[in-house]
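**Student:** So here's my_file26.cif, just mmCIF, C-alpha atoms and all ligand atoms:
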data_start
#
loop_
_atom_site.group_PDB
_atom_site.id
_atom_site.type_symbol
_atom_site.label_atom_id
_atom_site.label_comp_id
_atom_site.auth_asym_id
_atom_site.auth_seq_id
_atom_site.Cartn_x
_atom_site.Cartn_y
_atom_site.Cartn_z
ATOM 1 C CA MET A 1 105.129 115.718 98.215
ATOM 2 C CA GLU A 2 107.637 113.067 99.298
ATOM 3 C CA ALA A 3 110.928 112.923 97.370
ATOM 4 C CA ILE A 4 111.963 109.254 97.254
ATOM 5 C CA GLY A 5 115.724 108.618 97.542
ATOM 6 C CA LEU A 6 117.465 106.552 94.843
ATOM 7 C CA TRP A 7 121.055 105.323 94.663
ATOM 8 C CA LEU A 8 123.098 103.580 91.977
ATOM 9 C CA VAL A 9 125.883 101.256 93.152
ATOM 10 C CA ASP A 10 128.954 100.040 91.233
ATOM 11 C CA LEU A 11 129.132 96.280 91.860
ATOM 12 C CA ASP A 12 132.690 95.949 90.501
ATOM 13 C CA PRO A 13 134.586 98.480 92.664
ATOM 14 C CA PRO A 14 138.317 98.300 93.469
ATOM 15 C CA GLU A 15 139.273 95.296 95.647
ATOM 16 C CA ALA A 16 139.763 97.348 98.839
ATOM 17 C CA ARG A 17 136.220 98.697 98.617
ATOM 18 C CA ARG A 18 134.800 95.234 97.868
ATOM 19 C CA ALA A 19 136.551 93.859 100.924
ATOM 20 C CA GLU A 20 135.140 96.717 103.042
ATOM 21 C CA LEU A 21 131.605 95.991 101.801
ATOM 22 C CA GLY A 22 132.073 92.257 102.381
ATOM 23 C CA LEU A 23 132.787 92.951 106.058
ATOM 24 C CA ARG A 24 129.387 94.608 106.451
ATOM 25 C CA LEU A 25 127.483 91.344 105.851
ATOM 26 C CA SER A 26 125.725 89.445 108.651
ATOM 27 C CA PRO A 27 126.738 85.782 109.206
ATOM 28 C CA GLU A 28 123.608 84.659 107.263
ATOM 29 C CA GLU A 29 124.466 86.948 104.349
ATOM 30 C CA ARG A 30 128.087 85.760 104.434
ATOM 31 C CA ALA A 31 126.872 82.152 104.248
ATOM 32 C CA ARG A 32 124.585 83.046 101.335
ATOM 33 C CA ALA A 33 127.432 84.856 99.530
ATOM 34 C CA ASP A 34 129.699 81.832 99.985
ATOM 35 C CA ARG A 35 127.129 79.551 98.348
ATOM 36 C CA PHE A 36 127.458 81.440 95.038
ATOM 37 C CA ILE A 37 129.951 79.475 92.952
ATOM 38 C CA PRO A 38 130.934 82.046 90.268
ATOM 39 C CA PRO A 39 133.235 84.601 91.991
ATOM 40 C CA THR A 40 131.655 87.484 90.045
ATOM 41 C CA VAL A 41 128.189 86.623 91.362
ATOM 42 C CA ARG A 42 129.545 86.340 94.919
ATOM 43 C CA ARG A 43 131.390 89.678 94.700
ATOM 44 C CA ARG A 44 128.374 91.461 93.256
ATOM 45 C CA PHE A 45 126.080 90.094 95.963
ATOM 46 C CA GLU A 46 128.528 91.276 98.652
ATOM 47 C CA CYS A 47 128.723 94.736 97.101
ATOM 48 C CA ALA A 48 124.933 95.057 96.704
ATOM 49 C CA ARG A 49 124.110 93.881 100.266
ATOM 50 C CA GLY A 50 127.021 95.805 101.816
ATOM 51 C CA SER A 51 125.956 99.009 100.052
ATOM 52 C CA LEU A 52 122.303 98.450 100.986
ATOM 53 C CA ARG A 53 123.364 98.201 104.645
ATOM 54 C CA GLU A 54 125.424 101.389 104.326
ATOM 55 C CA ILE A 55 122.585 103.383 102.733
ATOM 56 C CA LEU A 56 120.003 102.230 105.279
ATOM 57 C CA ALA A 57 122.444 102.924 108.143
ATOM 58 C CA HIS A 58 123.016 106.418 106.734
ATOM 59 C CA LEU A 59 119.241 107.052 106.675
ATOM 60 C CA LEU A 60 118.706 105.595 110.157
ATOM 61 C CA ASP A 61 121.882 107.055 111.674
ATOM 62 C CA CYS A 62 123.005 103.673 112.990
ATOM 63 C CA ALA A 63 125.825 101.200 112.315
ATOM 64 C CA PRO A 64 125.420 99.001 109.171
ATOM 65 C CA SER A 65 125.802 95.927 111.402
ATOM 66 C CA ALA A 66 122.817 97.045 113.557
ATOM 67 C CA ILE A 67 120.428 96.402 110.664
ATOM 68 C CA ARG A 68 118.373 93.230 110.824
ATOM 69 C CA PHE A 69 116.345 92.162 107.825
ATOM 70 C CA ALA A 70 112.981 90.407 107.961
ATOM 71 C CA TYR A 71 111.349 88.802 104.906
ATOM 72 C CA GLY A 72 107.780 88.991 103.607
ATOM 73 C CA GLU A 73 105.667 86.069 102.387
ATOM 74 C CA TRP A 74 107.319 86.179 98.936
ATOM 75 C CA GLY A 75 110.779 87.123 100.164
ATOM 76 C CA LYS A 76 110.692 90.936 100.082
ATOM 77 C CA PRO A 77 113.236 92.225 102.605
ATOM 78 C CA THR A 78 112.051 94.735 105.205
ATOM 79 C CA LEU A 79 113.661 96.204 108.328
ATOM 80 C CA ALA A 80 112.846 94.184 111.460
ATOM 81 C CA GLU A 81 113.264 97.110 113.893
ATOM 82 C CA TRP A 82 112.359 100.061 111.640
ATOM 83 C CA PRO A 83 109.420 98.872 109.470
ATOM 84 C CA GLU A 84 108.489 102.485 108.673
ATOM 85 C CA LEU A 85 111.547 102.807 106.407
ATOM 86 C CA ARG A 86 110.674 100.921 103.200
ATOM 87 C CA PHE A 87 113.285 100.095 100.603
ATOM 88 C CA ASN A 88 113.956 97.908 97.617
ATOM 89 C CA LEU A 89 116.981 96.758 95.650
ATOM 90 C CA SER A 90 117.629 95.448 92.163
ATOM 91 C CA HIS A 91 120.855 94.313 90.556
ATOM 92 C CA SER A 92 121.819 93.659 86.966
ATOM 93 C CA GLY A 93 125.257 93.444 85.352
ATOM 94 C CA GLU A 94 127.700 95.716 87.168
ATOM 95 C CA ARG A 95 125.129 97.889 88.895
ATOM 96 C CA ALA A 96 122.544 97.877 91.642
ATOM 97 C CA LEU A 97 119.688 100.314 92.118
ATOM 98 C CA ILE A 98 118.331 101.040 95.598
ATOM 99 C CA GLY A 99 115.247 103.081 96.519
ATOM 100 C CA ALA A 100 114.034 104.076 99.999
ATOM 101 C CA SER A 101 110.964 105.833 101.356
ATOM 102 C CA TRP A 102 109.757 106.748 104.861
ATOM 103 C CA LYS A 103 106.091 106.810 103.886
ATOM 104 C CA ARG A 104 105.148 104.200 101.342
ATOM 105 C CA GLU A 105 106.016 100.862 99.765
ATOM 106 C CA VAL A 106 108.561 101.162 96.986
ATOM 107 C CA GLY A 107 109.836 98.821 94.277
ATOM 108 C CA VAL A 108 112.756 99.250 91.885
ATOM 109 C CA ASP A 109 113.989 97.256 88.917
ATOM 110 C CA LEU A 110 117.172 97.514 86.883
ATOM 111 C CA GLU A 111 118.053 95.628 83.719
ATOM 112 C CA HIS A 112 121.264 95.618 81.723
ATOM 113 C CA LEU A 113 120.404 96.333 78.089
ATOM 114 C CA ARG A 114 121.463 93.227 76.205
ATOM 115 C CA LYS A 115 120.989 92.131 72.650
ATOM 116 C CA GLY A 116 120.128 88.706 71.321
ATOM 117 C CA ALA A 117 117.287 87.658 73.627
ATOM 118 C CA ASP A 118 113.943 86.798 72.031
ATOM 119 C CA PHE A 119 112.287 89.960 73.361
ATOM 120 C CA ARG A 120 109.348 89.749 70.916
ATOM 121 C CA GLY A 121 108.617 86.193 72.061
ATOM 122 C CA LEU A 122 108.845 87.202 75.726
ATOM 123 C CA ALA A 123 106.494 90.151 75.173
ATOM 124 C CA GLU A 124 104.015 87.854 73.395
ATOM 125 C CA ARG A 125 104.175 85.373 76.269
ATOM 126 C CA PHE A 126 104.120 87.649 79.314
ATOM 127 C CA PHE A 127 102.775 91.118 78.513
ATOM 128 C CA SER A 128 99.172 92.312 78.600
ATOM 129 C CA GLU A 129 97.173 92.984 75.430
ATOM 130 C CA PRO A 130 97.614 96.830 75.411
ATOM 131 C CA GLU A 131 101.381 96.440 75.897
ATOM 132 C CA ARG A 132 101.659 93.820 73.133
ATOM 133 C CA GLN A 133 99.671 95.987 70.717
ATOM 134 C CA ALA A 134 101.788 99.087 71.425
ATOM 135 C CA LEU A 135 105.038 97.150 71.038
ATOM 136 C CA LEU A 136 103.972 95.793 67.615
ATOM 137 C CA GLU A 137 104.777 99.222 66.162
ATOM 138 C CA VAL A 138 108.304 99.373 67.568
ATOM 139 C CA PRO A 139 111.036 98.703 64.929
ATOM 140 C CA ASP A 140 113.612 95.953 65.633
ATOM 141 C CA PRO A 141 116.609 98.187 66.552
ATOM 142 C CA LEU A 142 114.562 99.977 69.233
ATOM 143 C CA PHE A 143 112.787 96.873 70.517
ATOM 144 C CA PRO A 144 115.205 95.761 73.306
ATOM 145 C CA ARG A 145 115.025 99.124 75.133
ATOM 146 C CA GLU A 146 111.242 99.428 74.695
ATOM 147 C CA PHE A 147 110.754 95.859 75.891
ATOM 148 C CA LEU A 148 112.923 96.491 78.966
ATOM 149 C CA ARG A 149 111.061 99.719 79.691
ATOM 150 C CA VAL A 150 107.850 97.714 79.986
ATOM 151 C CA TRP A 151 109.560 94.844 81.841
ATOM 152 C CA THR A 152 111.255 97.049 84.476
ATOM 153 C CA ARG A 153 108.062 99.045 85.108
ATOM 154 C CA LYS A 154 106.075 95.847 85.589
ATOM 155 C CA GLU A 155 108.710 94.337 87.899
ATOM 156 C CA ALA A 156 108.974 97.593 89.860
ATOM 157 C CA TYR A 157 105.231 97.333 90.554
ATOM 158 C CA LEU A 158 105.447 93.654 91.559
ATOM 159 C CA LYS A 159 108.421 94.433 93.797
ATOM 160 C CA ALA A 160 106.645 97.387 95.401
ATOM 161 C CA ARG A 161 103.751 95.046 96.224
ATOM 162 C CA GLY A 162 106.240 92.410 97.371
ATOM 163 C CA THR A 163 104.564 89.610 95.408
ATOM 164 C CA GLY A 164 107.331 89.268 92.811
ATOM 165 C CA LEU A 165 106.268 87.185 89.841
ATOM 166 C CA ALA A 166 103.524 85.499 91.875
ATOM 167 C CA LEU A 167 101.102 88.152 90.503
ATOM 168 C CA PRO A 168 100.444 87.560 86.753
ATOM 169 C CA LEU A 169 102.279 90.030 84.504
ATOM 170 C CA GLY A 170 99.353 90.048 82.063
ATOM 171 C CA ASP A 171 96.858 91.401 84.593
ATOM 172 C CA PHE A 172 97.999 95.014 84.271
ATOM 173 C CA ALA A 173 99.487 97.400 81.720
ATOM 174 C CA VAL A 174 102.184 100.019 82.268
ATOM 175 C CA PRO A 175 102.611 103.212 80.226
ATOM 176 C CA LEU A 176 105.163 102.857 77.401
ATOM 177 C CA GLY A 177 107.909 105.147 76.052
ATOM 178 C CA PRO A 178 110.087 107.602 77.985
ATOM 179 C CA LEU A 179 108.537 108.377 81.364
ATOM 180 C CA SER A 180 110.224 111.042 83.474
ATOM 181 C CA ASN A 181 107.258 111.554 85.830
ATOM 182 C CA PRO A 182 105.122 109.036 87.742
ATOM 183 C CA ARG A 183 102.204 107.696 85.682
ATOM 184 C CA PRO A 184 99.546 105.199 86.819
ATOM 185 C CA LEU A 185 99.327 101.638 85.549
ATOM 186 C CA THR A 186 95.983 100.233 84.438
ATOM 187 C CA TRP A 187 94.225 96.943 85.138
ATOM 188 C CA THR A 188 93.346 94.578 82.295
ATOM 189 C CA ARG A 189 91.463 92.254 84.672
ATOM 190 C CA ASP A 190 89.022 93.290 87.330
ATOM 191 C CA ARG A 191 90.943 93.421 90.616
ATOM 192 C CA PRO A 192 88.929 95.379 93.189
ATOM 193 C CA GLU A 193 91.596 94.679 95.822
ATOM 194 C CA GLU A 194 94.020 96.831 93.810
ATOM 195 C CA ALA A 195 92.253 100.054 94.747
ATOM 196 C CA SER A 196 95.398 102.073 95.542
ATOM 197 C CA SER A 197 97.210 103.832 92.751
ATOM 198 C CA TRP A 198 100.730 102.591 92.027
ATOM 199 C CA PRO A 199 102.363 105.035 89.597
ATOM 200 C CA VAL A 200 105.548 103.941 87.802
ATOM 201 C CA GLN A 201 108.416 106.020 86.490
ATOM 202 C CA GLU A 202 111.572 105.466 84.426
ATOM 203 C CA LEU A 203 114.932 106.173 86.104
ATOM 204 C CA PRO A 204 118.092 107.174 84.228
ATOM 205 C CA CYS A 205 120.718 104.576 85.235
ATOM 206 C CA GLY A 206 123.288 104.893 82.423
ATOM 207 C CA GLU A 207 123.411 104.229 78.668
ATOM 208 C CA GLU A 208 123.387 100.435 78.885
ATOM 209 C CA TYR A 209 120.764 100.116 81.618
ATOM 210 C CA VAL A 210 117.020 100.527 81.926
ATOM 211 C CA GLY A 211 115.667 101.365 85.372
ATOM 212 C CA ALA A 212 112.211 101.909 86.838
ATOM 213 C CA MET A 213 110.520 102.513 90.171
ATOM 214 C CA CYS A 214 107.019 102.230 91.524
ATOM 215 C CA ALA A 215 105.604 103.520 94.805
ATOM 216 C CA GLU A 216 102.199 103.685 96.372
ATOM 217 C CA GLY A 217 100.741 107.014 95.343
ATOM 218 C CA PRO A 218 99.925 109.748 94.684
ATOM 219 C CA GLY A 219 102.107 112.320 96.415
ATOM 220 C CA TRP A 220 105.661 111.303 95.524
ATOM 221 C CA SER A 221 108.407 112.270 93.160
ATOM 222 C CA ALA A 222 111.688 110.503 92.459
ATOM 223 C CA ARG A 223 114.878 112.240 93.538
ATOM 224 C CA THR A 224 117.727 112.254 91.014
ATOM 225 C CA VAL A 225 119.467 108.872 91.047
ATOM 226 C CA ILE A 226 122.844 109.455 92.739
ATOM 227 C CA PRO A 227 125.922 107.224 92.923
ATOM 228 C CA TRP A 228 126.743 105.503 96.240
ATOM 229 C CA PRO A 229 129.052 106.299 97.974
HETATM 230 C C1 LIG A 301 111.529 89.451 93.456
HETATM 231 C C2 LIG A 301 111.843 89.026 92.048
HETATM 232 C C3 LIG A 301 110.839 89.695 91.101
HETATM 233 C C4 LIG A 301 113.300 89.446 91.774
HETATM 234 O O1 LIG A 301 113.569 89.585 90.440
HETATM 235 P P1 LIG A 301 115.012 89.706 89.740
HETATM 236 O O2 LIG A 301 114.834 90.553 88.541
HETATM 237 O O3 LIG A 301 115.538 88.344 89.573
HETATM 238 O O4 LIG A 301 115.995 90.388 90.749
HETATM 239 P P2 LIG A 301 116.255 91.890 91.183
HETATM 240 O O5 LIG A 301 117.725 92.069 91.149
HETATM 241 O O6 LIG A 301 115.420 92.892 90.492
HETATM 242 O O7 LIG A 301 115.759 91.883 92.701
HETATM 243 C C5 LIG A 301 116.345 91.057 93.648
HETATM 244 C C6 LIG A 301 116.212 91.733 95.001
HETATM 245 O O8 LIG A 301 114.830 92.074 95.254
HETATM 246 C C7 LIG A 301 114.571 91.893 96.633
HETATM 247 N N1 LIG A 301 113.438 90.955 96.714
HETATM 248 C C8 LIG A 301 113.432 89.617 96.895
HETATM 249 N N2 LIG A 301 112.159 89.157 96.905
HETATM 250 C C9 LIG A 301 111.361 90.236 96.717
HETATM 251 C C10 LIG A 301 109.937 90.408 96.634
HETATM 252 N N3 LIG A 301 109.088 89.382 96.747
HETATM 253 N N4 LIG A 301 109.449 91.663 96.435
HETATM 254 C C11 LIG A 301 110.281 92.711 96.329
HETATM 255 N N5 LIG A 301 111.632 92.613 96.398
HETATM 256 C C12 LIG A 301 112.161 91.383 96.585
HETATM 257 C C13 LIG A 301 115.847 91.374 97.290
HETATM 258 O O9 LIG A 301 116.529 92.470 97.876
HETATM 259 C C14 LIG A 301 116.637 90.839 96.128
HETATM 260 O O10 LIG A 301 118.030 91.002 96.253
HETATM 261 P P3 LIG A 301 118.970 90.115 97.187
HETATM 262 O O11 LIG A 301 118.160 89.039 97.785
HETATM 263 O O12 LIG A 301 120.050 89.664 96.330
HETATM 264 O O13 LIG A 301 119.424 91.081 98.204
HETATM 265 C C15 LIG A 301 111.714 87.495 91.859
HETATM 266 O O14 LIG A 301 112.778 86.839 92.491
HETATM 267 C C16 LIG A 301 110.412 86.947 92.408
HETATM 268 O O15 LIG A 301 109.418 86.941 91.740
HETATM 269 N N6 LIG A 301 110.397 86.495 93.652
HETATM 270 C C17 LIG A 301 109.177 86.084 94.337
HETATM 271 C C18 LIG A 301 109.220 84.614 94.581
HETATM 272 C C19 LIG A 301 108.043 83.953 93.956
HETATM 273 O O16 LIG A 301 106.929 84.326 94.160
HETATM 274 N N7 LIG A 301 108.323 82.927 93.185
HETATM 275 C C20 LIG A 301 107.299 82.233 92.527
HETATM 276 C C21 LIG A 301 107.369 82.559 91.053
HETATM 277 S S1 LIG A 301 105.872 82.157 90.246
#
Produce structure tokens that represent the structure in this file.

**Tutor:**
Amino acid sequence: MEAIGLWLVDLDPPEARRAELGLRLSPEERARADRFIPPTVRRRFECARGSLREILAHLLDCAPSAIRFAYGEWGKPTLAEWPELRFNLSHSGERALIGASWKREVGVDLEHLRKGADFRGLAERFFSEPERQALLEVPDPLFPREFLRVWTRKEAYLKARGTGLALPLGDFAVPLGPLSNPRPLTWTRDRPEEASSWPVQELPCGEEYVGAMCAEGPGWSARTVIPWP
């Protein structure tokens, strides 16, 4: 059984730490950071990328600057020199979630729990029939968290596959409610090419956040999410 590593990063650390993380970026990442106009977005990108480099360097026992990223067809980052180490990152609000595995593709998603969005409308528009039916029974005060549970599990799957939103969200259904162990998703359309199992699991990422991961399975468990550094 592989225990998949998971880390939670504070994207608004003290200035000295932010500056340290900013120095870890490659020239291309620096240029990308500098294109973000709002300073908060720029700082959070620097902290997420800098921390990702630190975590991968820790796992590979190399310098953070030695890491070179390559990008898949839909933009999923991989490691150019060490493709056997798979990883994924998600950021939302003041936090980033990072997962890494030596054996299998992994996807993570993190969402800041916010009020006011038209979650029922979004569910109606994007979710599959079994998910929409199950969510009909959820009362209004609980709806944002239940919606984000479904959303993060679906995104974690799409990010594990590397397709992002290019694969229709309505083609599969994730298990609802609290989910502390990996559980398989199901197909609502016939997709013979999706023969592997891709269990999803909820990750505790703090009161105001909803987190999820997905990895090619079976044979994995999620380690406890730990803060980085
Ligand atoms: C990948 C995607 C789902 C990200 O969703 P998001 O909720 O906005 O962002 P998250 O914070 O969860 O994830 C972003 C991180 O995922 C990673 N990522 C980028 N593309 C990815 C992909 N295709 N698969 C997995 N991970 C991806 C990156 O590390 C990125 O962070 P960074 O570039 O800032 O370092 C979304 O951008 C997407 O669908 N991209 C695919 C592009 C595409 O197909 N577009 C057509 C739409 S129909």

**Student:** Quick one: residues within 10 Å of Pro83 in chain A, all atoms listed in the file, excluding same-chain residues fewer than 4 positions away - as a compact mmCIF listing (two decimals) with C-alpha atoms, in the frame of the given file?

**Tutor:**
# COMPACT_ATOMS: atom_id res chain seq x y z
CA PHE A 69 116.34 92.16 107.82
CA ALA A 70 112.98 90.41 107.96
CA THR A 78 112.05 94.74 105.20
CA LEU A 79 113.66 96.20 108.33
CA PHE A 87 113.28 100.10 100.60
CA TRP A 102 109.76 106.75 104.86

**Student:** Given the choices A:Glu15, A:Asp118, A:Glu2, A:Glu105, which gets closest to Ser221 in chain A if the distance is worked out from all atoms listed in the file?

**Tutor:**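 Between A:Glu15, A:Asp118, A:Glu2, A:Glu105, the residue approaching Ser221 in chain A most closely is A:Glu2.
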
**Student:** For Gly107 in chain A, which residue out of A:Leu25, A:Val150, A:Leu158, A:Cys47 is the nearest one, using only C-alpha atoms?

**Tutor:**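 Under the stated criterion, the closest residue is A:Leu158.
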
**Student:** For ligand LIG 301 (chain A), which residue out of A:Phe147, A:Trp7, A:Tyr157, A:Phe119 is the nearest one, using all atoms listed in the file?

**Tutor:**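 Under the stated criterion, the closest residue is A:Tyr157.
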
**Student:** Could you list, as a PyMOL selection string, every residue matched by the PyMOL selection byres (((not hetatm)) within 9 of (chain A and resi 301)) in this structure?

**Tutor:** chain A and resi 29+45-46+48-49+52+71-78+87-92+96-97+106-111+152+155-168

**Student:** Measuring between all atoms listed in the file, which one of A:Ala63, A:Met213, A:Cys205, A:Leu8 shows the shortest distance to Val174 in chain A?

**Tutor:**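 Of A:Ala63, A:Met213, A:Cys205, A:Leu8, the one nearest Val174 in chain A, counting all atoms listed in the file, is A:Met213.
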
**Student:** Which polymer residues have any atom within 10 Å of an atom of Pro182 in chain A, counting all atoms listed in the file, with same-chain residues fewer than 2 positions away left out, as a PyMOL selection string?

**Tutor:** chain A and resi 175+179-180+184-185+198-202+213-215+217-222

**Student:** CA of Gly121 in chain A and CA of Ala173 in chain A are how many Å apart?

**Tutor:**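 Calculated distance between CA of Gly121 in chain A and CA of Ala173 in chain A is 17.4 Å.
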
**Student:** Please identify all polymer residues within 12 Å of Gln133 in chain A, counting all atoms listed in the file, omitting same-chain residues fewer than 6 positions from it, and present them as number ranges by chain.

**Tutor:** A: 120, 123-124, 127, 173, 176

**Student:** Using only C-alpha atoms for the distances, tell me which of A:Pro38, A:Pro64, A:Gly206, A:Pro141 is nearest to Glu94 in chain A.

**Tutor:** A:Gly206
